[in-house]
Each structure stands twice: as structure tokens, then as C-alpha cells.
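entry-v2.pdb, holding PDB, C-alpha atoms:
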```
ATOM      1  CA  MET A1044       0.000   0.000   0.000
ATOM      2  CA  ALA A1045       2.780   2.405   0.923
ATOM      3  CA  VAL A1046       4.577   1.703  -2.373
ATOM      4  CA  ALA A1047       1.367   2.338  -4.373
ATOM      5  CA  ALA A1048       0.776   5.608  -2.538
ATOM      6  CA  MET A1049       4.357   6.711  -3.135
ATOM      7  CA  MET A1050       4.118   5.842  -6.853
ATOM      8  CA  ALA A1051       0.868   7.772  -7.194
ATOM      9  CA  THR A1052       2.352  10.905  -5.606
ATOM     10  CA  VAL A1053       5.794  10.956  -7.188
ATOM     11  CA  GLY A1054       5.005   9.259 -10.507
ATOM     12  CA  ALA A1055       3.598  12.431 -12.044
ATOM     13  CA  LYS A1056       7.156  13.570 -12.710
ATOM     14  CA  ALA A1057       7.499  10.666 -15.163
ATOM     15  CA  GLN A1058       4.496  11.689 -17.321
ATOM     16  CA  HIS A1059       5.228  11.785 -21.059
ATOM     17  CA  LYS A1060       3.302  13.553 -23.805
ATOM     18  CA  GLU A1061       1.764  12.251 -27.011
ATOM     19  CA  GLY A1062       4.306  12.330 -29.847
ATOM     20  CA  GLU A1063       7.319  12.357 -27.516
ATOM     21  CA  THR A1064      10.328  10.114 -28.242
ATOM     22  CA  THR A1065      12.873   9.084 -25.611
ATOM     23  CA  PHE A1066      16.326   7.524 -25.783
ATOM     24  CA  GLN A1067      17.451   5.259 -22.928
ATOM     25  CA  PRO A1068      20.826   3.569 -22.365
ATOM     26  CA  ARG A1069      20.435   0.714 -19.874
ATOM     27  CA  VAL A1070      22.544  -1.836 -18.034
ATOM     28  CA  GLY A1071      21.664  -4.749 -15.772
ATOM     29  CA  ILE A1072      21.659  -8.506 -15.359
ATOM     30  CA  THR A1073      20.271 -11.529 -17.142
ATOM     31  CA  MET A1074      19.321 -14.520 -14.974
ATOM     32  CA  SER A1075      19.061 -17.370 -17.465
ATOM     33  CA  ASP A1076      18.399 -21.093 -17.616
ATOM     34  CA  VAL A1077      17.165 -23.546 -20.247
ATOM     35  CA  THR A1078      14.272 -25.968 -20.370
ATOM     36  CA  ASN A1079      14.528 -29.767 -20.565
ATOM     37  CA  LEU A1080      18.264 -30.042 -19.949
ATOM     38  CA  GLU A1081      19.142 -32.302 -17.051
ATOM     39  CA  ASP A1082      21.124 -30.758 -14.172
ATOM     40  CA  SER A1083      20.850 -27.213 -15.557
ATOM     41  CA  LYS A1084      20.732 -24.302 -13.133
ATOM     42  CA  MET A1085      20.346 -20.542 -13.442
ATOM     43  CA  LYS A1086      23.356 -18.380 -14.171
ATOM     44  CA  VAL A1087      23.719 -14.595 -13.885
ATOM     45  CA  ASN A1088      25.489 -12.330 -16.375
ATOM     46  CA  VAL A1089      25.698  -8.654 -17.304
ATOM     47  CA  THR A1090      23.493  -7.218 -20.041
ATOM     48  CA  TYR A1091      23.473  -3.773 -21.629
ATOM     49  CA  GLY A1092      21.926  -1.861 -24.485
ATOM     50  CA  VAL A1093      19.777   1.048 -25.558
ATOM     51  CA  ASP A1094      16.028   1.611 -26.065
ATOM     52  CA  PHE A1095      13.967   4.138 -27.995
ATOM     53  CA  GLU A1096      10.365   4.782 -26.972
ATOM     54  CA  TYR A1097       7.679   6.601 -28.946
ATOM     55  CA  PHE A1098       4.556   7.763 -27.085
ATOM     56  CA  ALA A1099       1.470   7.355 -29.276
ATOM     57  CA  THR A1100      -0.572   8.758 -26.377
ATOM     58  CA  ASP A1101       0.332   9.764 -22.826
ATOM     59  CA  GLN A1102      -0.461   6.161 -21.748
ATOM     60  CA  LEU A1103       0.550   3.998 -24.723
ATOM     61  CA  SER A1104       4.018   3.747 -26.254
ATOM     62  CA  ILE A1105       6.066   1.522 -28.532
ATOM     63  CA  GLY A1106       9.612   0.627 -27.520
ATOM     64  CA  ALA A1107      12.415  -0.760 -29.679
ATOM     65  CA  GLY A1108      16.051  -1.319 -28.871
ATOM     66  CA  VAL A1109      19.267  -3.274 -29.042
ATOM     67  CA  LEU A1110      20.400  -5.461 -26.150
ATOM     68  CA  PHE A1111      23.657  -7.389 -25.787
ATOM     69  CA  THR A1112      23.054 -10.392 -23.576
ATOM     70  CA  ASP A1113      24.674 -13.640 -22.426
ATOM     71  CA  GLN A1114      22.163 -16.468 -21.963
ATOM     72  CA  GLY A1115      22.500 -20.191 -21.298
ATOM     73  CA  ALA A1116      22.835 -22.075 -18.038
ATOM     74  CA  THR A1117      25.153 -23.632 -15.476
ATOM     75  CA  ILE A1118      25.250 -27.431 -15.698
ATOM     76  CA  GLU A1119      26.311 -29.474 -12.691
ATOM     77  CA  ASP A1120      26.913 -33.184 -13.211
ATOM     78  CA  ASP A1121      28.171 -35.081 -10.132
ATOM     79  CA  SER A1122      31.276 -33.113  -9.116
ATOM     80  CA  GLU A1123      31.703 -31.396 -12.496
ATOM     81  CA  LYS A1124      30.442 -27.890 -13.234
ATOM     82  CA  TYR A1125      30.074 -26.353 -16.678
ATOM     83  CA  LYS A1126      28.841 -22.952 -17.779
ATOM     84  CA  MET A1127      27.122 -22.621 -21.147
ATOM     85  CA  ASN A1128      27.399 -19.047 -22.446
ATOM     86  CA  VAL A1129      25.376 -18.143 -25.531
ATOM     87  CA  TYR A1130      25.906 -14.513 -26.549
ATOM     88  CA  TYR A1131      23.197 -12.660 -28.491
ATOM     89  CA  THR A1132      22.491  -9.308 -30.046
ATOM     90  CA  ALA A1133      18.764  -8.949 -29.349
ATOM     91  CA  PHE A1134      16.207  -6.496 -30.720
ATOM     92  CA  PRO A1135      13.340  -6.166 -28.207
ATOM     93  CA  ILE A1136      10.140  -4.539 -29.484
ATOM     94  CA  THR A1137       7.427  -3.880 -26.898
ATOM     95  CA  ALA A1138       4.037  -2.267 -26.508
ATOM     96  CA  ASN A1139       3.973  -0.365 -23.203
ATOM     97  CA  TYR A1140       0.825   0.660 -21.358
ATOM     98  CA  TYR A1141       1.182   3.140 -18.482
ATOM     99  CA  VAL A1142      -1.324   2.127 -15.823
ATOM    100  CA  LEU A1143      -0.078   4.976 -13.605
ATOM    101  CA  PRO A1144       2.316   7.824 -14.420
ATOM    102  CA  GLY A1145       5.744   6.162 -14.582
ATOM    103  CA  LEU A1146       4.454   2.571 -14.130
ATOM    104  CA  ALA A1147       4.141   0.529 -17.338
ATOM    105  CA  ILE A1148       3.206  -3.023 -18.186
ATOM    106  CA  LYS A1149       4.820  -4.287 -21.369
ATOM    107  CA  ALA A1150       4.768  -7.187 -23.793
ATOM    108  CA  GLY A1151       6.250  -7.781 -27.203
ATOM    109  CA  VAL A1152       8.612  -9.824 -29.292
ATOM    110  CA  GLN A1153      12.400 -10.164 -29.213
ATOM    111  CA  PRO A1154      14.298 -11.543 -32.204
ATOM    112  CA  ALA A1155      17.976 -12.198 -31.455
ATOM    113  CA  TYR A1156      21.037 -13.318 -33.382
ATOM    114  CA  ARG A1157      23.751 -15.438 -31.826
ATOM    115  CA  VAL A1158      27.204 -13.872 -31.818
ATOM    116  CA  LYS A1159      29.110 -16.775 -30.226
ATOM    117  CA  ALA A1160      28.669 -19.735 -27.902
ATOM    118  CA  ARG A1161      31.182 -21.040 -25.363
ATOM    119  CA  MET A1162      31.352 -23.742 -22.743
ATOM    120  CA  GLU A1163      33.447 -22.981 -19.629
ATOM    121  CA  HIS A1164      34.943 -25.717 -17.463
ATOM    122  CA  ASP A1165      37.844 -25.520 -14.987
ATOM    123  CA  GLY A1166      38.854 -22.093 -16.273
ATOM    124  CA  GLN A1167      38.976 -23.299 -19.906
ATOM    125  CA  ARG A1168      36.728 -21.879 -22.624
ATOM    126  CA  ILE A1169      35.667 -24.081 -25.510
ATOM    127  CA  ASP A1170      33.873 -22.881 -28.630
ATOM    128  CA  MET A1171      30.604 -24.851 -28.637
ATOM    129  CA  ASP A1172      30.256 -25.007 -32.432
ATOM    130  CA  ARG A1173      33.702 -26.595 -32.775
ATOM    131  CA  ALA A1174      33.067 -28.921 -29.830
ATOM    132  CA  LEU A1175      29.850 -30.220 -31.400
ATOM    133  CA  GLU A1176      31.580 -30.788 -34.737
ATOM    134  CA  THR A1177      34.429 -32.649 -33.023
ATOM    135  CA  LEU A1178      32.376 -34.761 -30.632
ATOM    136  CA  LEU A1179      29.483 -35.708 -32.888
ATOM    137  CA  GLU A1180      29.812 -37.793 -36.000
ATOM    138  CA  ASP A1181      26.382 -36.602 -37.077
ATOM    139  CA  ASP A1182      26.971 -32.884 -37.583
ATOM    140  CA  ASP A1183      23.261 -32.087 -38.051
ATOM    141  CA  MET A1184      22.997 -30.991 -34.405
ATOM    142  CA  LYS A1185      23.899 -27.333 -34.176
ATOM    143  CA  ILE A1186      23.245 -24.320 -31.979
ATOM    144  CA  ASN A1187      20.683 -22.202 -33.785
ATOM    145  CA  LYS A1188      21.880 -18.783 -34.865
ATOM    146  CA  PHE A1189      18.429 -17.196 -34.499
ATOM    147  CA  ASP A1190      16.425 -16.957 -31.277
ATOM    148  CA  LEU A1191      12.925 -15.633 -30.722
ATOM    149  CA  ALA A1192      11.440 -14.769 -27.335
ATOM    150  CA  ILE A1193       8.285 -13.156 -25.975
ATOM    151  CA  PRO A1194       9.205 -10.566 -23.307
ATOM    152  CA  VAL A1195       6.597  -9.531 -20.716
ATOM    153  CA  GLY A1196       7.242  -7.294 -17.746
ATOM    154  CA  LEU A1197       6.985  -4.047 -15.830
ATOM    155  CA  SER A1198       8.948  -0.835 -15.669
ATOM    156  CA  TYR A1199       8.919   2.088 -13.292
ATOM    157  CA  GLU A1200      10.346   5.522 -14.091
ATOM    158  CA  TYR A1201      11.143   8.338 -11.681
ATOM    159  CA  ASN A1202      12.871  11.550 -12.821
ATOM    160  CA  GLY A1203      14.146   9.773 -15.938
ATOM    161  CA  LEU A1204      15.645   6.842 -14.018
ATOM    162  CA  THR A1205      13.906   3.615 -15.116
ATOM    163  CA  LEU A1206      13.898   0.186 -13.490
ATOM    164  CA  ASP A1207      12.775  -2.495 -15.965
ATOM    165  CA  ALA A1208      12.087  -6.194 -15.253
ATOM    166  CA  ARG A1209      11.120  -8.671 -17.983
ATOM    167  CA  TYR A1210      10.642 -12.408 -18.290
ATOM    168  CA  ASN A1211      11.533 -13.783 -21.722
ATOM    169  CA  PHE A1212       9.609 -16.871 -22.840
ATOM    170  CA  GLY A1213      11.808 -18.751 -25.331
ATOM    171  CA  ILE A1214       9.993 -19.670 -28.551
ATOM    172  CA  THR A1215      12.727 -21.158 -30.735
ATOM    173  CA  LYS A1216      14.802 -24.219 -29.863
ATOM    174  CA  LEU A1217      18.396 -23.692 -28.777
ATOM    175  CA  PHE A1218      19.639 -26.762 -30.688
ATOM    176  CA  SER A1219      18.579 -28.023 -34.092
ATOM    177  CA  ASN A1220      18.164 -31.794 -34.581
ATOM    178  CA  PHE A1221      18.294 -32.530 -30.858
ATOM    179  CA  GLU A1222      15.831 -34.949 -29.289
ATOM    180  CA  ASP A1223      14.993 -32.694 -26.320
ATOM    181  CA  ASP A1224      13.108 -29.425 -26.674
ATOM    182  CA  VAL A1225      15.694 -27.052 -25.145
ATOM    183  CA  ARG A1226      14.686 -23.386 -25.037
ATOM    184  CA  HIS A1227      15.929 -20.300 -23.219
ATOM    185  CA  LYS A1228      14.089 -18.914 -20.209
ATOM    186  CA  CYS A1229      15.412 -15.792 -18.567
ATOM    187  CA  VAL A1230      14.720 -12.766 -16.417
ATOM    188  CA  VAL A1231      16.263  -9.455 -17.498
ATOM    189  CA  ILE A1232      16.497  -6.613 -14.970
ATOM    190  CA  THR A1233      17.968  -3.307 -16.081
ATOM    191  CA  LEU A1234      18.412   0.226 -14.855
ATOM    192  CA  GLY A1235      18.331   2.985 -17.455
ATOM    193  CA  TYR A1236      17.992   6.715 -17.878
ATOM    194  CA  LYS A1237      15.589   8.341 -20.342
ATOM    195  CA  PHE A1238      16.712  11.391 -22.312
TER
END
```
Step by step, read the file and then write its structure as C-alpha cells.
Amino acid sequence: MAVAAMMATVGAKAQHKEGETTFQPRVGITMSDVTNLEDSKMKVNVTYGVDFEYFATDQLSIGAGVLFTDQGATIEDDSEKYKMNVYYTAFPITANYYVLPGLAIKAGVQPAYRVKARMEHDGQRIDMDRALETLLEDDDMKINKFDLAIPVGLSYEYNGLTLDARYNFGITKLFSNFEDDVRHKCVVITLGYKF
């Protein structure tokens, strides 16, 4: 209740006007895991990027941006621990509805393109594409270069400073020609400033 009252009183400073466009650099963390992969656990990495937001009305806006993110998971098998790092350049596009001044609910689509993929173990980094080619006689199994996710979340802005939290539902499979349906699932929390 106290938080809602505070947002109602101070949120007015975050009101935007119809036709306004903002630019927002942002930085934060990605907490990621994958579905249907035995012994996988969440891992945390840094994420950063920039967003543009166009206000169609004072309550409805469209956001688009570029986000550099490291997804994947930590895999623990008996006493062994591996970290799967899959790096993407993502292009989140969201529709944002301001339920109160400064407080928005958002949903959209996020296409992403893989930049590289590495497996870390005992301080060593191995390129995952090369590892799959070396270990598997059947080279049909590959890490997909394209990823699609559905981001949903909330953001709160005060005096230009914006806290944004999104959950990304993975749509595309991480691996092609793999018997298990492995997809990304991740939470992205960022802090940005709107200009």
C-alpha cells in the first residue's frame, strides 16, 4: 500500500506527452536457464543496451532497442560444473501501457542473433560449435543462430531513471536436430535513464 501511494504521488514527474520520443541507455543482469536439460541451473550475467520509446498517447508507447546479452545455463553433473554461455544481439520490441504515471506493463517480441557460444569448465573456454563438430559424427545438431522470445514485464520511471524487469519466454529451440526441446528462459532486470 505504501509503495502504491508513493508511486501515485511521485510518478507524475514521469508523465510523457503524445508524440514524444525518448532515448534510454540501460545496463543490468540476465538470470538465465534452459528448459529440458538435465542438471541445468540458473546463471547470472551482465546485459546492456539502448532503447527508444515513442509515445502514441500519454499512456501507450512503442519501444524498440538493441540489447547485448549472455544467456544459457550452469550445468552441474556429479562433481563437475560447466557454464554454457550463448551470446546474443537482441532487438526487443514492446508495446507499453502506463497504468499509472511512470508505471508501465509491457509485452512484445524479441528476435535475437547469436554472436558466439562457449562452454566454460575448470577455467577453460571451448567454442561450442567446434566442440559439437568434433564430438558428434552426425553434424546435423547445431546451436541455432536465431532466437525468438516473448518478453513480458513491468517498468517504473522516476525523474528519468527507469527500473525495468522482464521475463523472456523462449519460442525457438536452442539446438537443431536434438531430441529434447531445449529453449531459453530468462529474467532481465535493467536500470536505465531516459533522455
- [ ] Take the point (14.4, -23.0, -19.3) in the file's coordinates, draw a sphere of radius 10 Å around it, and report as a PyMOL selection string every protein, DNA or RNA residue with an atom inside or on it, counting only C-alpha atoms.
- [x] chain A and resi 1075-1080+1083-1085+1115-1116+1211-1213+1224-1229
Task: Selection under test: the PyMOL selection byres ((chain A and resi 1151) around 9); residues as a PyMOL selection string - done: chain A and resi 1135-1139+1149-1150+1152-1153+1192-1195
Task: Residue neighbourhood Val1089 (chain A), 10 Å, only C-alpha atoms, exclusion window fewer than 6 positions, as a PyMOL selection string - done: chain A and resi 1070-1074+1111-1114+1231-1233
Would you mind listing what lies within 7 Å of Phe1218 (chain A) as a JSON list (two decimals) with C-alpha atoms, in the coordinates of the input, with only C-alpha atoms counted and same-chain residues fewer than 5 positions away left out?
```json
[["chain", "number", "residue", "atom", "x", "y", "z"],
["A", 1184, "MET", "CA", 23.00, -30.99, -34.40],
["A", 1185, "LYS", "CA", 23.90, -27.33, -34.18],
["A", 1186, "ILE", "CA", 23.24, -24.32, -31.98],
["A", 1187, "ASN", "CA", 20.68, -22.20, -33.78],
["A", 1225, "VAL", "CA", 15.69, -27.05, -25.14]]
```
- [ ] Give me, please, the distance in Å between CA of Phe1238 (chain A) and CA of Tyr1210 (chain A), quoted to one decimal.
- [x] 24.9 Å
TODO: Can you work out which one of A:Glu1061, A:Glu1081, A:Glu1096, A:Asp1190 has the shortest atom-to-atom distance to Asp1223 (chain A), counting only C-alpha atoms?
DONE: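 Under the stated criterion, the closest residue is A:Glu1081.
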Open item on the list: To one decimal place in Å, what is the distance between CA of Pro1154 (chain A) and CA of Met1171 (chain A)?
Closed with: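 These atoms are spaced 21.3 Å apart.
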Open item on the list: As an exercise, work out the distance from CA of Leu1146 (chain A) to CA of Thr1132 (chain A) in Å and give it to one decimal place.
Closed with: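 CA of Leu1146 (chain A) sits 26.8 Å away from CA of Thr1132 (chain A).
The residue that comes closest to Glu1119 (chain A), out of A:Asp1101, A:Glu1163, A:Asp1094, A:Asp1183 and on the basis of only C-alpha atoms, is A:Glu1163.
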TODO: To verify the selection step, state as a ChimeraX atom specification which residues the PyMOL selection byres ((chain A and resi 1203) around 7) yields on this input.
DONE: /A:1057,1200-1202,1204-1205,1236-1237
